[in-house]
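Reproduced below: input.tsv, with TSV, C-alpha atoms.
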chain	number	residue	atom	x	y	z
Q	42	ASP	CA	10.39	21.09	-37.49
Q	43	ARG	CA	8.64	17.75	-37.82
Q	44	ARG	CA	11.58	15.90	-36.24
Q	45	GLY	CA	11.34	18.15	-33.18
Q	46	TYR	CA	7.66	17.43	-32.67
Q	47	ASP	CA	8.27	13.71	-33.21
Q	48	ALA	CA	10.98	13.80	-30.53
Q	49	LEU	CA	8.62	15.72	-28.25
Q	50	SER	CA	5.84	13.20	-28.75
Q	51	GLU	CA	8.15	10.24	-28.17
Q	52	GLY	CA	9.59	11.97	-25.11
Q	53	LEU	CA	6.17	12.47	-23.55
Q	54	ILE	CA	5.41	8.78	-24.09
Q	55	ALA	CA	8.76	7.83	-22.52
Q	56	ALA	CA	8.08	10.06	-19.50
Q	57	ALA	CA	4.64	8.55	-19.03
Q	58	ALA	CA	6.20	5.07	-19.20
Q	59	GLY	CA	8.80	6.00	-16.57
Q	60	ASP	CA	11.74	5.84	-19.01
Q	61	ALA	CA	13.74	8.66	-17.46
Q	62	GLY	CA	16.81	8.34	-19.66
Q	63	GLY	CA	14.83	8.17	-22.89
Q	64	ALA	CA	12.60	11.07	-21.86
Q	65	LEU	CA	15.61	13.27	-21.01
Q	66	ARG	CA	17.42	12.45	-24.26
Q	67	LEU	CA	14.32	13.17	-26.36
Q	68	ALA	CA	13.59	16.35	-24.37
Q	69	LYS	CA	17.05	17.71	-25.21
Q	70	LYS	CA	16.57	16.79	-28.86
Q	71	ALA	CA	13.14	18.45	-29.00
Q	72	ALA	CA	14.45	21.56	-27.26
Q	73	ALA	CA	17.28	21.88	-29.76
Q	74	LEU	CA	15.08	21.35	-32.81
Q	75	LEU	CA	12.17	23.48	-31.60
Q	76	ASP	CA	14.19	26.30	-30.02
Q	77	SER	CA	13.02	25.30	-26.49
Q	78	PRO	CA	9.26	25.90	-26.57
Q	79	PRO	CA	7.42	25.64	-23.23
Q	80	ILE	CA	6.31	22.06	-23.80
Q	81	ALA	CA	9.96	21.02	-24.26
Q	82	LYS	CA	10.86	22.72	-20.97
Q	83	LEU	CA	8.03	20.81	-19.29
Q	84	LEU	CA	9.26	17.52	-20.74
Q	85	THR	CA	12.82	18.32	-19.61
Q	86	ALA	CA	11.55	19.10	-16.08
Q	87	GLN	CA	9.56	15.87	-15.94
Q	88	ALA	CA	12.50	13.83	-17.19
Q	89	ALA	CA	14.75	15.49	-14.61
Q	90	GLU	CA	12.26	14.54	-11.90
Q	91	LEU	CA	12.37	10.93	-13.05
Q	92	THR	CA	16.18	10.88	-12.88
Q	93	GLY	CA	16.24	12.61	-9.49
Q	94	ASP	CA	17.87	15.76	-10.86
Q	95	THR	CA	15.94	18.21	-8.71
Q	96	THR	CA	18.15	21.15	-9.72
Q	97	ALA	CA	17.35	20.75	-13.43
Q	98	ALA	CA	13.68	20.16	-12.68
Q	99	LYS	CA	13.51	23.32	-10.56
Q	100	GLU	CA	15.30	25.42	-13.19
Q	101	ASN	CA	12.89	24.36	-15.93
Q	102	PHE	CA	9.82	24.86	-13.78
Q	103	GLN	CA	11.10	28.31	-12.79
Q	104	ALA	CA	11.54	29.16	-16.46
Q	105	LEU	CA	7.94	28.11	-17.11
Q	106	ALA	CA	6.74	30.13	-14.10
Q	107	LYS	CA	8.31	33.33	-15.50
Q	108	ASP	CA	6.28	33.14	-18.73
Q	109	PRO	CA	2.71	34.43	-18.20
Q	110	LYS	CA	1.44	31.81	-20.65
Q	111	THR	CA	2.94	28.91	-18.71
Q	112	ALA	CA	3.10	30.43	-15.21
Q	113	LEU	CA	0.50	28.09	-13.75
Q	114	LEU	CA	2.26	25.04	-15.18
Q	115	GLY	CA	5.59	26.14	-13.73
Q	116	ILE	CA	4.20	27.06	-10.31
Q	117	ARG	CA	2.40	23.72	-9.97
Q	118	GLY	CA	5.61	21.96	-10.95
Q	119	LEU	CA	7.53	23.87	-8.28
Q	120	MET	CA	4.77	23.06	-5.81
Q	121	GLY	CA	5.21	19.36	-6.54
Q	122	GLU	CA	8.97	19.70	-6.02
Q	123	ALA	CA	8.41	21.43	-2.66
Q	124	ARG	CA	6.09	18.64	-1.54
Q	125	ARG	CA	8.59	15.97	-2.54
Q	126	ARG	CA	11.28	17.52	-0.36
Q	127	GLY	CA	8.81	17.93	2.54
Q	128	ASP	CA	8.60	21.73	2.47
Q	129	SER	CA	4.89	22.14	3.19
Q	130	ALA	CA	5.17	25.88	3.88
Q	131	GLU	CA	6.71	26.58	0.45
Q	132	ALA	CA	4.24	24.22	-1.26
Q	133	LEU	CA	1.35	26.09	0.36
Q	134	ARG	CA	2.78	29.46	-0.68
Q	135	LEU	CA	2.99	28.22	-4.26
Q	136	ALA	CA	-0.52	26.78	-4.09
Q	137	ASP	CA	-1.82	30.18	-2.97
Q	138	GLU	CA	0.07	31.81	-5.86
Q	139	ALA	CA	-1.36	29.32	-8.35
Q	140	TYR	CA	-4.85	29.84	-6.92
Q	141	GLY	CA	-4.47	33.58	-7.36
Q	142	LEU	CA	-3.62	33.05	-11.03
Q	143	ARG	CA	-6.38	30.61	-11.88
Q	144	PRO	CA	-8.67	29.54	-9.01
Q	145	GLU	CA	-10.78	27.36	-11.27
Q	146	ALA	CA	-7.84	25.16	-12.37
Q	147	GLU	CA	-8.72	21.48	-12.04
Q	148	GLY	CA	-7.59	19.87	-8.79
Q	149	LEU	CA	-5.99	23.04	-7.44
Q	150	LEU	CA	-8.59	23.70	-4.76
Q	151	ALA	CA	-8.20	20.17	-3.37
Q	152	GLN	CA	-4.39	20.42	-3.40
Q	153	ARG	CA	-4.53	23.76	-1.61
Q	154	LEU	CA	-6.91	22.39	1.01
Q	155	GLU	CA	-4.68	19.38	1.66
Q	156	LEU	CA	-1.67	21.66	2.19
Q	157	GLN	CA	-3.63	23.99	4.50
Q	158	ILE	CA	-4.60	20.99	6.63
Q	159	GLU	CA	-1.01	19.68	6.69
Q	160	SER	CA	0.16	23.12	7.86
Q	161	ASP	CA	-2.61	23.46	10.51
Q	162	CYS	CA	-3.93	26.58	8.75
Q	163	TRP	CA	-7.42	25.80	10.00
Q	164	ALA	CA	-9.11	29.15	9.36
Q	165	ASP	CA	-7.87	29.18	5.76
Q	166	ALA	CA	-8.85	25.53	5.33
Q	167	GLU	CA	-12.37	26.25	6.59
Q	168	ALA	CA	-12.72	29.05	4.03
Q	169	THR	CA	-11.46	26.71	1.29
Q	170	VAL	CA	-14.05	24.09	2.24
Q	171	ARG	CA	-16.80	26.71	1.99
Q	172	GLU	CA	-15.50	27.60	-1.47
Q	173	ALA	CA	-15.41	23.92	-2.48
Q	174	VAL	CA	-19.05	23.51	-1.41
Q	175	ARG	CA	-20.03	26.69	-3.27
Q	176	ARG	CA	-18.38	25.35	-6.41
Q	177	LYS	CA	-20.04	21.96	-5.88
Q	178	GLU	CA	-16.67	20.22	-5.65
Q	179	MET	CA	-17.74	18.93	-2.21
Q	180	SER	CA	-21.16	18.00	-0.85
Q	181	ALA	CA	-22.80	20.24	1.73
Q	182	GLU	CA	-22.83	17.32	4.22
Q	183	GLU	CA	-19.11	16.61	3.86
Q	184	GLY	CA	-18.37	20.31	3.98
Q	185	ALA	CA	-20.28	20.74	7.24
Q	186	GLU	CA	-18.45	17.83	8.89
Q	187	ARG	CA	-15.04	19.09	7.74
Q	188	ARG	CA	-15.75	22.66	8.83
Q	189	SER	CA	-16.88	21.37	12.23
Q	190	VAL	CA	-13.48	19.73	12.73
Q	191	MET	CA	-11.68	22.86	11.53
Q	192	PHE	CA	-13.57	25.06	13.98
Q	193	TYR	CA	-12.66	22.58	16.73
Q	194	GLU	CA	-8.96	22.77	15.85
Q	195	GLN	CA	-9.11	26.57	15.78
Q	196	ALA	CA	-10.74	26.46	19.22
Q	197	ARG	CA	-7.95	24.27	20.60
Q	198	LEU	CA	-5.37	26.79	19.40
Q	199	ALA	CA	-7.34	29.69	20.89
Q	200	ASP	CA	-7.73	27.85	24.19
Q	201	ARG	CA	-3.98	27.15	24.35
Q	202	ALA	CA	-3.37	30.84	23.69
Q	203	GLY	CA	-5.58	31.74	26.65
Q	204	ASP	CA	-8.43	33.14	24.55
Q	205	ALA	CA	-11.29	31.22	26.17
Q	206	ALA	CA	-14.00	33.46	24.69
Q	207	SER	CA	-12.88	32.81	21.11
Q	208	ALA	CA	-12.45	29.10	21.85
Q	209	GLN	CA	-15.99	28.87	23.19
Q	210	SER	CA	-17.41	30.73	20.18
Q	211	LEU	CA	-15.55	28.48	17.73
Q	212	LEU	CA	-16.71	25.34	19.52
Q	213	GLN	CA	-20.30	26.55	19.37
Q	214	GLU	CA	-19.91	26.83	15.59
Q	215	SER	CA	-18.36	23.37	15.50
Q	216	VAL	CA	-21.17	21.69	17.44
Q	217	LYS	CA	-23.81	23.60	15.51
Q	218	LEU	CA	-22.46	22.13	12.26
Q	219	ASN	CA	-22.16	18.62	13.74
Q	220	PRO	CA	-24.40	18.07	16.80
Q	221	HIS	CA	-23.08	14.47	17.12
Q	222	PHE	CA	-19.47	15.60	17.54
Q	223	VAL	CA	-18.44	14.00	20.84
Q	224	ALA	CA	-15.02	15.64	21.24
Q	225	GLY	CA	-16.36	19.07	20.26
Q	226	THR	CA	-19.27	18.80	22.68
Q	227	ALA	CA	-17.07	17.62	25.56
Q	228	LYS	CA	-14.63	20.50	25.05
Q	229	LEU	CA	-17.42	23.06	24.75
Q	230	VAL	CA	-19.01	21.78	27.96
Q	231	GLU	CA	-15.64	22.06	29.72
Q	232	LEU	CA	-15.37	25.74	28.74
Q	233	LEU	CA	-19.01	26.41	29.62
Q	234	GLY	CA	-18.32	24.96	33.07
Q	235	HIS	CA	-15.35	27.30	33.55
Q	236	ASP	CA	-17.68	30.16	32.61
Q	237	GLY	CA	-20.31	29.08	35.16
Q	238	LYS	CA	-22.83	28.00	32.50
Q	239	ILE	CA	-23.57	24.70	34.24
Q	240	ARG	CA	-27.14	24.10	33.10
Q	241	ARG	CA	-26.36	24.88	29.47
Q	242	GLY	CA	-23.43	22.47	29.51
Q	243	ALA	CA	-25.52	19.74	31.15
Q	244	ARG	CA	-28.22	20.09	28.50
Q	245	LEU	CA	-25.66	19.58	25.74
Q	246	ILE	CA	-24.38	16.37	27.37
Q	247	GLU	CA	-27.87	15.05	28.03
Q	248	LYS	CA	-28.97	15.67	24.46
Q	249	LEU	CA	-26.00	13.84	22.96
Q	250	TRP	CA	-26.09	11.05	25.57
Q	251	ALA	CA	-29.39	9.91	24.12
Q	252	GLU	CA	-27.59	8.96	20.90
Q	253	LYS	CA	-23.86	8.64	21.62
Q	254	PRO	CA	-22.93	7.92	25.26
Q	255	HIS	CA	-19.18	8.28	25.67
Q	256	PRO	CA	-16.66	8.32	28.57
Q	257	SER	CA	-15.49	11.84	27.68
Q	258	LEU	CA	-19.07	13.10	27.92
Q	259	ALA	CA	-19.45	11.48	31.34
Q	260	ALA	CA	-16.18	13.07	32.47
Q	261	ALA	CA	-17.32	16.49	31.23
Q	262	TYR	CA	-20.69	16.03	32.96
Q	263	ARG	CA	-18.95	15.18	36.24
Q	264	ALA	CA	-16.57	18.13	35.93
Q	265	LEU	CA	-19.45	20.59	35.57
Q	266	GLU	CA	-20.11	20.30	39.32
Q	267	PRO	CA	-16.92	18.90	40.85
Q	268	GLU	CA	-17.68	20.16	44.37
Q	269	LEU	CA	-21.02	18.35	44.55
Q	270	GLU	CA	-21.43	15.82	47.37
Q	271	PRO	CA	-20.89	12.24	46.12
Q	272	LEU	CA	-24.48	11.17	46.81
Q	273	ALA	CA	-25.80	14.19	44.91
Q	274	GLN	CA	-23.46	13.28	42.05
Q	275	VAL	CA	-25.00	9.80	41.99
Q	276	LYS	CA	-28.44	11.37	41.62
Q	277	ARG	CA	-27.21	13.40	38.65
Q	278	PHE	CA	-25.81	10.30	36.98
Q	279	GLU	CA	-28.97	8.34	37.64
Q	280	SER	CA	-30.80	11.00	35.62
Q	281	LEU	CA	-28.17	10.90	32.88
Q	282	ALA	CA	-28.22	7.08	32.70
Q	283	ALA	CA	-32.00	7.08	32.45
Q	284	ILE	CA	-31.72	8.94	29.13
Q	285	ASN	CA	-30.10	5.85	27.56
Q	286	PRO	CA	-30.66	3.10	30.15
Q	287	GLU	CA	-29.54	0.07	28.12
Q	288	HIS	CA	-26.18	1.41	27.01
Q	289	GLY	CA	-23.06	0.09	28.73
Q	290	GLU	CA	-21.62	3.60	29.17
Q	291	SER	CA	-24.70	4.55	31.23
Q	292	HIS	CA	-24.03	1.67	33.64
Q	293	ILE	CA	-20.31	2.43	33.83
Q	294	ALA	CA	-20.88	6.16	34.45
Q	295	LEU	CA	-23.33	5.34	37.22
Q	296	ALA	CA	-20.96	2.71	38.67
Q	297	GLU	CA	-18.12	5.26	38.83
Q	298	ALA	CA	-20.37	7.75	40.62
Q	299	ALA	CA	-21.48	5.01	43.04
Q	300	LEU	CA	-17.83	4.05	43.72
Q	301	ALA	CA	-17.03	7.67	44.62
Q	302	ALA	CA	-20.05	7.70	46.95
Q	303	GLU	CA	-19.05	4.33	48.51
Q	304	LEU	CA	-22.29	2.73	47.35
Q	305	TRP	CA	-20.56	-0.60	46.82
Q	306	GLY	CA	-23.65	-2.67	46.08
Q	307	GLU	CA	-24.89	-0.23	43.43
Q	308	ALA	CA	-21.45	-0.03	41.81
Q	309	ARG	CA	-21.14	-3.83	41.70
Q	310	ALA	CA	-24.63	-4.26	40.25
Q	311	GLN	CA	-23.97	-1.75	37.46
Q	312	LEU	CA	-20.60	-3.26	36.55
Q	313	GLN	CA	-21.97	-6.81	36.55
Q	314	ARG	CA	-24.70	-5.76	34.13
Q	315	VAL	CA	-22.14	-4.47	31.67
Q	316	ILE	CA	-19.93	-7.55	32.03
Q	317	GLU	CA	-22.89	-9.87	31.44
Q	318	SER	CA	-24.15	-7.97	28.40
Q	319	ASP	CA	-20.94	-6.72	26.74
Q	320	GLY	CA	-18.20	-8.97	28.09
Q	321	LEU	CA	-15.07	-8.24	30.07
Q	322	THR	CA	-12.68	-5.44	29.05
Q	323	PRO	CA	-9.54	-4.07	30.77
Q	324	ARG	CA	-11.48	-0.99	31.86
Q	325	LEU	CA	-14.10	-3.11	33.61
Q	326	CYS	CA	-11.38	-5.27	35.19
Q	327	ARG	CA	-9.75	-2.18	36.66
Q	328	LEU	CA	-13.06	-0.89	38.01
Q	329	MET	CA	-13.82	-4.28	39.60
Q	330	ALA	CA	-10.32	-4.32	41.15
Q	331	THR	CA	-10.95	-0.86	42.60
Q	332	LEU	CA	-14.27	-2.05	43.98
Q	333	GLU	CA	-12.73	-5.09	45.71
Q	334	GLU	CA	-9.98	-2.93	47.22
Q	335	SER	CA	-12.36	-0.20	48.34
Q	336	GLU	CA	-15.18	-2.34	49.73
Q	337	TYR	CA	-13.32	-5.28	51.29
Q	338	GLU	CA	-9.60	-4.38	51.07
Q	339	ASP	CA	-9.35	-7.72	49.30
Q	340	HIS	CA	-5.97	-7.48	47.57
Q	341	ASP	CA	-6.14	-11.04	46.22
Q	342	LYS	CA	-9.43	-10.42	44.41
Q	343	ALA	CA	-8.16	-7.10	43.15
Q	344	ARG	CA	-5.07	-8.81	41.72
Q	345	HIS	CA	-7.33	-11.48	40.21
Q	346	TRP	CA	-9.28	-8.82	38.31
Q	347	LEU	CA	-6.16	-7.01	37.18
Q	348	ALA	CA	-4.67	-10.28	35.93
Q	349	GLN	CA	-7.69	-10.69	33.65
Q	350	THR	CA	-6.92	-7.50	31.72
Q	351	ALA	CA	-4.49	-9.49	29.56
Q	352	SER	CA	-7.19	-11.87	28.30
Q	353	ALA	CA	-10.12	-9.43	28.24
Q	354	SER	CA	-11.55	-8.02	25.01
Q	355	PRO	CA	-9.96	-4.67	24.02
Q	356	ASP	CA	-11.56	-1.47	25.22
Q	357	VAL	CA	-13.20	0.78	22.65
Q	358	ALA	CA	-10.75	3.50	21.59
Q	359	TRP	CA	-10.10	6.30	19.11
Q	360	LEU	CA	-8.58	4.53	16.09
Q	361	CYS	CA	-7.41	5.95	12.78
Q	362	ASN	CA	-9.43	4.47	9.92
Q	363	ASP	CA	-6.42	4.87	7.60
Q	364	CYS	CA	-3.45	3.49	9.55
Q	365	GLY	CA	-5.13	1.83	12.54
Q	366	THR	CA	-3.12	3.79	15.13
Q	367	GLU	CA	-4.81	4.32	18.51
Q	368	ALA	CA	-4.96	7.89	19.81
Q	369	PRO	CA	-5.32	8.78	23.52
Q	370	ALA	CA	-7.84	11.50	22.62
Q	371	TRP	CA	-9.72	12.62	19.52
Q	372	GLN	CA	-7.88	15.03	17.23
Q	373	GLY	CA	-8.47	16.46	13.78
Q	374	ARG	CA	-5.39	14.82	12.25
Q	375	CYS	CA	-3.97	11.41	13.04
Q	376	GLY	CA	-0.69	11.84	14.88
Q	377	GLN	CA	0.80	8.88	13.01
Q	378	CYS	CA	-0.23	9.20	9.35
Q	379	GLY	CA	-1.57	12.77	9.30
Q	380	GLY	CA	-4.96	11.69	7.94
Q	381	PHE	CA	-7.65	14.33	8.36
Q	382	ASN	CA	-10.81	13.46	10.31
Q	383	THR	CA	-9.93	9.76	10.29
Q	384	LEU	CA	-10.36	8.93	13.99
Q	385	SER	CA	-13.46	7.02	15.04
Q	386	TRP	CA	-14.59	5.35	18.28
Q	387	GLN	CA	-14.26	1.62	17.68
Q	388	THR	CA	-12.98	-1.63	19.12
Q	389	PRO	CA	-9.38	-2.42	18.18
Q	390	PRO	CA	-8.66	-5.80	16.62
Q	391	ARG	CA	-7.77	-8.36	19.24
Q	392	ILE	CA	-4.11	-9.41	19.12
Q	393	THR	CA	-3.23	-12.82	20.52
Q	394	ARG	CA	0.27	-12.92	21.92
Q	395	LEU	CA	1.89	-16.32	21.40
Q	396	VAL	CA	4.21	-17.47	24.14
Q	397	GLU	CA	7.51	-18.88	22.86
Q	398	ASN	CA	7.31	-22.62	22.13
Q	399	GLU	CA	3.52	-22.63	22.52
Q	400	SER	CA	1.13	-23.19	19.66
Q	401	PRO	CA	-2.25	-21.47	19.30
Q	402	GLU	CA	-3.86	-24.83	20.19
Q	403	MET	CA	-1.95	-24.91	23.49
Q	404	LEU	CA	-3.06	-21.38	24.33
Q	405	ASP	CA	-6.69	-22.26	23.67
Q	406	ALA	CA	-6.55	-25.47	25.73
Q	407	PRO	CA	-8.26	-25.51	29.17
Q	408	PRO	CA	-5.96	-25.22	32.19
Q	409	ALA	CA	-4.75	-28.40	33.83
Q	410	GLU	CA	-6.60	-29.47	36.95
Starting from the coordinates I provided, produce the structure as structure tokens.
Amino acid sequence: DRRGYDALSEGLIAAAAGDAGGALRLAKKAAALLDSPPIAKLLTAQAAELTGDTTAAKENFQALAKDPKTALLGIRGLMGEARRRGDSAEALRLADEAYGLRPEAEGLLAQRLELQIESDCWADAEATVREAVRRKEMSAEEGAERRSVMFYEQARLADRAGDAASAQSLLQESVKLNPHFVAGTAKLVELLGHDGKIRRGARLIEKLWAEKPHPSLAAAYRALEPELEPLAQVKRFESLAAINPEHGESHIALAEAALAAELWGEARAQLQRVIESDGLTPRLCRLMATLEESEYEDHDKARHWLAQTASASPDVAWLCNDCGTEAPAWQGRCGQCGGFNTLSWQTPPRITRLVENESPEMLDAPPAE
């Protein structure tokens, strides 16, 4: 019937334009005139979605899913409904079902991967990334970086479950795929230390320190030999700092070792070098306060340094590139927005807090004599 196909065509246009009422009316007309062909069911489902009638949308998608010719269309529609109501587990089940029907369907692999990541199905997600690279839907470089993160997340789960051997093996795969992965290297070194593989762990830190010095690497390096005498620990950190002698983290790591060994002059010299080259940050203020307390028991100077944390430049931190949220430690997914592999080590934007009744000009003015 020509009128039925005209109604169907007009209904599809209405749905695309967001005209829910018009789309639903035309869908019913097309269904009546065309004896409810699959395309009319699809239009009815889409119109129901636009009007918020989830029951009608689900019924029509289920009807499509029962027909072998339209099964994929129906399953993907049901998957979308599951995602809209926040049921990630059901959406993933449907994505797996759709993938089993037609793995080459456009966009399905990416949707399935996104759901696997949302559900923390890291082993499955890693296999999906390999498939995406094989099908050239993802570059080998991006695939390697993503798989590295997925191995890391699997390792964290294994470690929490008490399976240190599996965790160590997974982290080795992670670091092999991405040798510049700071969090993965630090965690691997921690497990190597527990296993008594001190020299191997130290070599990993030293190799990465040449390119990406980081506080977590220094902490892992220190933890490899926690019982070492403080002066011997200083010697170790002198060797580590010499690998990248101009970097601020080298000076800070050495200063912290010197503080523990009560080498006050060395600690002060290292901290002053960082302050002069990189500027003052809250972390440096706290270290200087500790130094004044430890060396001279000078509480006034310590308070002076701590007071400067409010005006110091922000410390470098793990920030989400999508939402800007700061994380206390690196993780595969942002705890705020759920973004995958979005955390990077960077300086947060500086926020100036305006005091009530004071203008920015007043805050910038020099103090009165």
Task: One-decimal distance in Å that lies between atom CA of Q:Thr322 and atom CA of Q:Arg374 - done: 27.3 Å
Tell me, as a tab-separated table (two decimals) with C-alpha atoms, in the coordinates of the input, which residues lie within 8 Å of Q:Gln311, counting all atoms listed in the file; anything in the same chain fewer than 6 positions away does not count.
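New file around-v7.tsv:
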chain	number	residue	atom	x	y	z
Q	292	HIS	CA	-24.03	1.67	33.64
Q	293	ILE	CA	-20.31	2.43	33.83
Q	295	LEU	CA	-23.33	5.34	37.22
Q	296	ALA	CA	-20.96	2.71	38.67
Task: Selected residue, from Q:Ser207, Q:Arg126, Q:Thr383, Q:Ala348, that lies nearest to Q:Val190 when counting only C-alpha atoms - done: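 Result for the nearest residue to Q:Val190: Q:Thr383.
Taking atom CA of Q:Cys378 and atom CA of Q:Ala208 as the two end points, the separation is 26.5 Å.
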TODO: Calculate how many Å separate atom CA of Q:Lys110 from atom CA of Q:Asp128, rounding to one decimal.
DONE: 26.2 Å
- [ ] May I ask which of the residues Q:Val357, Q:Leu265, Q:Leu105, Q:Ala251 is the closest one to Q:Glu287, counting all atoms listed in the file?
- [x]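 Counting all atoms listed in the file, the residue closest to Q:Glu287 is Q:Ala251.
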Go ahead and fit an axis-aligned box to every listed atom of stretch 106-113 of chain Q plus 4 Å each side, and pass me the centre and edge lengths in Å, one decimal, as JSON.
{"center_x": 4.4, "center_y": 31.3, "center_z": -17.2, "size_x": 15.8, "size_y": 14.3, "size_z": 14.9}
Open item on the list: I'd like the neighbourhood of Q:Leu154 as a PyMOL selection string, where a residue qualifies if any of its atoms comes within 9 Å (using only C-alpha atoms), though same-chain residues fewer than 5 positions away should be ignored.
Closed with: chain Q and resi 149+159+165-167+169-170
TODO: Could you tell me which of Q:Gly242, Q:Pro256, Q:Ser280, Q:Ala301 comes closest to Q:Arg324 if we count only C-alpha atoms?
DONE: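 Checking each candidate against Q:Arg324, we get Q:Pro256 as the closest.
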TODO: Kindly indicate which residue among Q:Glu147, Q:Asp137, Q:Arg344, Q:Trp386 lies nearest to Q:Ala358, using only C-alpha atoms for the distances.
DONE: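 With only C-alpha atoms as the atom set, the closest residue is Q:Trp386.
When only C-alpha atoms are used to measure the gap to Q:Glu266, the shortest distance among Q:Glu194, Q:Glu247, Q:Ala282, Q:Leu233 belongs to Q:Leu233.
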Open item on the list: Restricting the calculation to all atoms listed in the file: of Q:Gln103, Q:Gln152, Q:Thr226, Q:Ser215, which residue gets closest to Q:Ala243?
Closed with: Q:Thr226
TODO: List every protein, DNA or RNA residue that has an atom no more than 10 Å from (5.3, 21.8, -10.8) in the file's coordinate frame, counting all atoms listed in the file, and report them as a list in words.
DONE: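 Residues found, by chain and rising number: Leu83, Ala86, Gln87, Ala98, Lys99, Asn101, Phe102, Gln103, Leu105, Ala106, Ala112, Leu113, Leu114, Gly115, Ile116, Arg117, Gly118, Leu119, Met120, Gly121, Glu122, Ala123, Arg124, Ala132 and Leu135 of chain Q.
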Can you complete the atoms of stretch 288-306 of chain Q to N, CA and C atoms and list them as a PDB file, in the coordinates of the input?
ATOM      1  N   HIS Q 288     -27.542   1.292  27.516  1.00  0.00           N
ATOM      2  CA  HIS Q 288     -26.180   1.410  27.010  1.00  0.00           C
ATOM      3  C   HIS Q 288     -25.157   1.131  28.113  1.00  0.00           C
ATOM      4  N   GLY Q 289     -24.087   0.421  27.753  1.00  0.00           N
ATOM      5  CA  GLY Q 289     -23.060   0.090  28.730  1.00  0.00           C
ATOM      6  C   GLY Q 289     -22.424   1.308  29.375  1.00  0.00           C
ATOM      7  N   GLU Q 290     -22.241   2.397  28.609  1.00  0.00           N
ATOM      8  CA  GLU Q 290     -21.620   3.600  29.170  1.00  0.00           C
ATOM      9  C   GLU Q 290     -22.494   4.217  30.260  1.00  0.00           C
ATOM     10  N   SER Q 291     -23.812   4.042  30.172  1.00  0.00           N
ATOM     11  CA  SER Q 291     -24.700   4.550  31.230  1.00  0.00           C
ATOM     12  C   SER Q 291     -24.441   3.794  32.527  1.00  0.00           C
ATOM     13  N   HIS Q 292     -24.294   2.472  32.438  1.00  0.00           N
ATOM     14  CA  HIS Q 292     -24.030   1.670  33.640  1.00  0.00           C
ATOM     15  C   HIS Q 292     -22.657   1.985  34.214  1.00  0.00           C
ATOM     16  N   ILE Q 293     -21.661   2.156  33.344  1.00  0.00           N
ATOM     17  CA  ILE Q 293     -20.310   2.430  33.830  1.00  0.00           C
ATOM     18  C   ILE Q 293     -20.250   3.815  34.489  1.00  0.00           C
ATOM     19  N   ALA Q 294     -20.883   4.815  33.872  1.00  0.00           N
ATOM     20  CA  ALA Q 294     -20.880   6.160  34.450  1.00  0.00           C
ATOM     21  C   ALA Q 294     -21.536   6.153  35.827  1.00  0.00           C
ATOM     22  N   LEU Q 295     -22.631   5.424  35.937  1.00  0.00           N
ATOM     23  CA  LEU Q 295     -23.330   5.340  37.220  1.00  0.00           C
ATOM     24  C   LEU Q 295     -22.493   4.553  38.234  1.00  0.00           C
ATOM     25  N   ALA Q 296     -21.818   3.496  37.784  1.00  0.00           N
ATOM     26  CA  ALA Q 296     -20.960   2.710  38.670  1.00  0.00           C
ATOM     27  C   ALA Q 296     -19.818   3.567  39.224  1.00  0.00           C
ATOM     28  N   GLU Q 297     -19.219   4.398  38.368  1.00  0.00           N
ATOM     29  CA  GLU Q 297     -18.120   5.260  38.830  1.00  0.00           C
ATOM     30  C   GLU Q 297     -18.612   6.269  39.855  1.00  0.00           C
ATOM     31  N   ALA Q 298     -19.799   6.818  39.638  1.00  0.00           N
ATOM     32  CA  ALA Q 298     -20.370   7.750  40.620  1.00  0.00           C
ATOM     33  C   ALA Q 298     -20.669   7.019  41.931  1.00  0.00           C
ATOM     34  N   ALA Q 299     -21.174   5.791  41.836  1.00  0.00           N
ATOM     35  CA  ALA Q 299     -21.480   5.010  43.040  1.00  0.00           C
ATOM     36  C   ALA Q 299     -20.201   4.651  43.789  1.00  0.00           C
ATOM     37  N   LEU Q 300     -19.116   4.327  43.079  1.00  0.00           N
ATOM     38  CA  LEU Q 300     -17.830   4.050  43.720  1.00  0.00           C
ATOM     39  C   LEU Q 300     -17.355   5.258  44.530  1.00  0.00           C
ATOM     40  N   ALA Q 301     -17.468   6.448  43.934  1.00  0.00           N
ATOM     41  CA  ALA Q 301     -17.030   7.670  44.620  1.00  0.00           C
ATOM     42  C   ALA Q 301     -17.876   7.934  45.867  1.00  0.00           C
ATOM     43  N   ALA Q 302     -19.134   7.490  45.820  1.00  0.00           N
ATOM     44  CA  ALA Q 302     -20.050   7.700  46.950  1.00  0.00           C
ATOM     45  C   ALA Q 302     -20.023   6.524  47.935  1.00  0.00           C
ATOM     46  N   GLU Q 303     -19.179   5.533  47.673  1.00  0.00           N
ATOM     47  CA  GLU Q 303     -19.050   4.330  48.510  1.00  0.00           C
ATOM     48  C   GLU Q 303     -20.354   3.531  48.578  1.00  0.00           C
ATOM     49  N   LEU Q 304     -21.092   3.567  47.476  1.00  0.00           N
ATOM     50  CA  LEU Q 304     -22.290   2.730  47.350  1.00  0.00           C
ATOM     51  C   LEU Q 304     -21.862   1.441  46.651  1.00  0.00           C
ATOM     52  N   TRP Q 305     -21.211   0.573  47.400  1.00  0.00           N
ATOM     53  CA  TRP Q 305     -20.560  -0.600  46.820  1.00  0.00           C
ATOM     54  C   TRP Q 305     -21.531  -1.512  46.081  1.00  0.00           C
ATOM     55  N   GLY Q 306     -22.678  -1.765  46.699  1.00  0.00           N
ATOM     56  CA  GLY Q 306     -23.650  -2.670  46.080  1.00  0.00           C
ATOM     57  C   GLY Q 306     -24.148  -2.142  44.741  1.00  0.00           C
TER      58      GLY Q 306
END
